[in-house]
$ cat final34.cif   # mmCIF, N, CA and C atoms
data_input
#
loop_
_atom_site.label_atom_id
_atom_site.label_comp_id
_atom_site.auth_asym_id
_atom_site.auth_seq_id
_atom_site.Cartn_x
_atom_site.Cartn_y
_atom_site.Cartn_z
N MET U 16 5.00 4.65 1.73
CA MET U 16 5.16 5.96 1.16
C MET U 16 6.59 6.16 0.66
N ALA U 17 7.33 5.12 0.48
CA ALA U 17 8.71 5.22 0.03
C ALA U 17 8.83 5.68 -1.42
N LYS U 18 7.75 5.61 -2.19
CA LYS U 18 7.82 5.99 -3.59
C LYS U 18 7.82 7.50 -3.79
N PHE U 19 7.50 8.25 -2.76
CA PHE U 19 7.53 9.70 -2.85
C PHE U 19 8.93 10.18 -2.51
N ARG U 20 9.55 10.84 -3.45
CA ARG U 20 10.93 11.30 -3.23
C ARG U 20 10.97 12.65 -2.54
N ASP U 21 9.90 13.39 -2.67
CA ASP U 21 9.86 14.73 -2.10
C ASP U 21 8.74 14.79 -1.06
N VAL U 22 9.03 15.35 0.09
CA VAL U 22 8.05 15.45 1.16
C VAL U 22 6.87 16.32 0.74
N LYS U 23 7.14 17.37 -0.01
CA LYS U 23 6.07 18.27 -0.46
C LYS U 23 5.07 17.53 -1.35
N THR U 24 5.57 16.65 -2.23
CA THR U 24 4.69 15.86 -3.08
C THR U 24 3.84 14.91 -2.25
N LEU U 25 4.44 14.29 -1.27
CA LEU U 25 3.71 13.40 -0.38
C LEU U 25 2.61 14.15 0.37
N GLN U 26 2.91 15.33 0.85
CA GLN U 26 1.93 16.12 1.58
C GLN U 26 0.76 16.54 0.69
N LYS U 27 1.05 16.92 -0.55
CA LYS U 27 -0.01 17.28 -1.49
C LYS U 27 -0.90 16.09 -1.79
N PHE U 28 -0.27 14.93 -2.01
CA PHE U 28 -1.05 13.72 -2.27
C PHE U 28 -1.90 13.35 -1.06
N ALA U 29 -1.31 13.38 0.12
CA ALA U 29 -2.03 12.98 1.33
C ALA U 29 -3.22 13.92 1.59
N ALA U 30 -3.07 15.20 1.35
CA ALA U 30 -4.16 16.15 1.56
C ALA U 30 -5.30 15.89 0.58
N ALA U 31 -4.96 15.67 -0.68
CA ALA U 31 -6.00 15.39 -1.68
C ALA U 31 -6.67 14.05 -1.41
N HIS U 32 -5.89 13.05 -1.09
CA HIS U 32 -6.43 11.71 -0.84
C HIS U 32 -7.35 11.72 0.37
N ALA U 33 -6.98 12.42 1.41
CA ALA U 33 -7.79 12.46 2.62
C ALA U 33 -9.16 13.10 2.36
N SER U 34 -9.17 14.18 1.61
CA SER U 34 -10.46 14.84 1.36
C SER U 34 -11.35 14.00 0.46
N ILE U 35 -10.77 13.34 -0.53
CA ILE U 35 -11.56 12.49 -1.42
C ILE U 35 -12.02 11.24 -0.68
N HIS U 36 -11.15 10.63 0.09
CA HIS U 36 -11.51 9.43 0.84
C HIS U 36 -12.63 9.72 1.83
N ASN U 37 -12.53 10.82 2.54
CA ASN U 37 -13.57 11.18 3.50
C ASN U 37 -14.89 11.48 2.83
N HIS U 38 -14.82 11.99 1.61
CA HIS U 38 -16.05 12.31 0.88
C HIS U 38 -16.82 11.05 0.50
N PHE U 39 -16.10 9.99 0.13
CA PHE U 39 -16.75 8.78 -0.34
C PHE U 39 -16.85 7.68 0.71
N ASN U 40 -16.17 7.80 1.82
CA ASN U 40 -16.20 6.76 2.85
C ASN U 40 -17.44 6.94 3.72
N HIS U 41 -18.41 6.05 3.56
CA HIS U 41 -19.66 6.17 4.30
C HIS U 41 -19.86 5.02 5.29
N ASP U 42 -18.81 4.29 5.61
CA ASP U 42 -18.89 3.20 6.58
C ASP U 42 -20.04 2.26 6.27
N ARG U 43 -19.90 1.52 5.20
CA ARG U 43 -20.95 0.61 4.71
C ARG U 43 -21.41 -0.35 5.79
N HIS U 44 -20.51 -0.81 6.62
CA HIS U 44 -20.87 -1.80 7.62
C HIS U 44 -21.75 -1.23 8.74
N LEU U 45 -21.86 0.10 8.81
CA LEU U 45 -22.67 0.72 9.87
C LEU U 45 -24.06 1.14 9.40
N ASN U 46 -24.29 1.16 8.09
CA ASN U 46 -25.54 1.66 7.55
C ASN U 46 -26.29 0.57 6.79
N PRO U 47 -27.61 0.61 6.82
CA PRO U 47 -28.38 -0.30 5.97
C PRO U 47 -28.12 0.01 4.49
N ARG U 48 -28.37 -0.95 3.65
CA ARG U 48 -28.06 -0.83 2.22
C ARG U 48 -28.75 0.37 1.56
N ASP U 49 -30.01 0.59 1.83
CA ASP U 49 -30.72 1.68 1.17
C ASP U 49 -30.16 3.05 1.55
N ILE U 50 -29.81 3.22 2.81
CA ILE U 50 -29.23 4.49 3.26
C ILE U 50 -27.82 4.65 2.68
N PHE U 51 -27.07 3.56 2.63
CA PHE U 51 -25.73 3.61 2.03
C PHE U 51 -25.81 4.02 0.55
N LYS U 52 -26.72 3.41 -0.19
CA LYS U 52 -26.85 3.71 -1.62
C LYS U 52 -27.28 5.16 -1.83
N GLN U 53 -28.17 5.66 -0.98
CA GLN U 53 -28.61 7.04 -1.08
C GLN U 53 -27.46 8.00 -0.79
N SER U 54 -26.70 7.73 0.25
CA SER U 54 -25.56 8.58 0.59
C SER U 54 -24.51 8.54 -0.51
N ARG U 55 -24.27 7.36 -1.06
CA ARG U 55 -23.30 7.21 -2.13
C ARG U 55 -23.73 7.99 -3.38
N ALA U 56 -25.01 7.93 -3.70
CA ALA U 56 -25.51 8.67 -4.86
C ALA U 56 -25.35 10.17 -4.67
N VAL U 57 -25.61 10.66 -3.47
CA VAL U 57 -25.45 12.09 -3.19
C VAL U 57 -23.98 12.48 -3.31
N ALA U 58 -23.08 11.66 -2.77
CA ALA U 58 -21.65 11.95 -2.85
C ALA U 58 -21.17 11.95 -4.31
N LEU U 59 -21.62 11.00 -5.10
CA LEU U 59 -21.22 10.96 -6.51
C LEU U 59 -21.75 12.16 -7.27
N ALA U 60 -22.98 12.56 -7.00
CA ALA U 60 -23.56 13.73 -7.68
C ALA U 60 -22.77 14.99 -7.32
N GLU U 61 -22.40 15.12 -6.07
CA GLU U 61 -21.63 16.29 -5.65
C GLU U 61 -20.24 16.26 -6.29
N TRP U 62 -19.63 15.07 -6.36
CA TRP U 62 -18.31 14.94 -6.96
C TRP U 62 -18.36 15.30 -8.45
N ARG U 63 -19.38 14.84 -9.15
CA ARG U 63 -19.51 15.15 -10.57
C ARG U 63 -19.72 16.65 -10.79
N GLN U 64 -20.45 17.29 -9.89
CA GLN U 64 -20.65 18.73 -9.98
C GLN U 64 -19.34 19.47 -9.76
N LEU U 65 -18.54 19.03 -8.79
CA LEU U 65 -17.26 19.67 -8.53
C LEU U 65 -16.27 19.45 -9.66
N ALA U 66 -16.31 18.26 -10.26
CA ALA U 66 -15.35 17.91 -11.31
C ALA U 66 -15.71 18.53 -12.66
N ALA U 67 -16.94 18.95 -12.81
CA ALA U 67 -17.38 19.50 -14.12
C ALA U 67 -16.91 20.92 -14.33
#
$ encode --input "final34.cif" --output "structure tokens"
Amino acid sequence: MAKFRDVKTLQKFAAAHASIHNHFNHDRHLNPRDIFKQSRAVALAEWRQLAA
């Protein structure tokens, strides 16, 4: 995190990154492929709705 010169910028990035990462992180190694793909499709649909 040395590339962030301002602590406030780092905090804003970390907050945004955490929420996006948690939204898409479905622990692939814990779920069967079909359930993973279904969860991923739901997350992408929700993300596209939020981004539109």
$ atom_distance --input "final34.cif" --atom1 "CA of Ala30 (chain U)" --atom2 "CA of Glu61 (chain U)"
18.9 Å
$ select_by_dssp --input "final34.cif" --residues "chain U" --states "helix (DSSP H, G or I)" --output "VMD selection string"
chain U and resid 22 to 39 43 to 45 48 to 66
$ resolve_selection --input "final34.cif" --expression "the PyMOL selection byres (((chain U and resi 52-57 and name CA) around 12) and name CA)" --output "PyMOL selection string"
chain U and resi 37-43+46-51+58-64
$ atom_distance --input "final34.cif" --atom1 "CA of Ala33 (chain U)" --atom2 "CA of Ala66 (chain U)"
16.8 Å
$ atom_distance --input "final34.cif" --atom1 "atom C of Leu25 (chain U)" --atom2 "atom C of Leu65 (chain U)"
22.0 Å
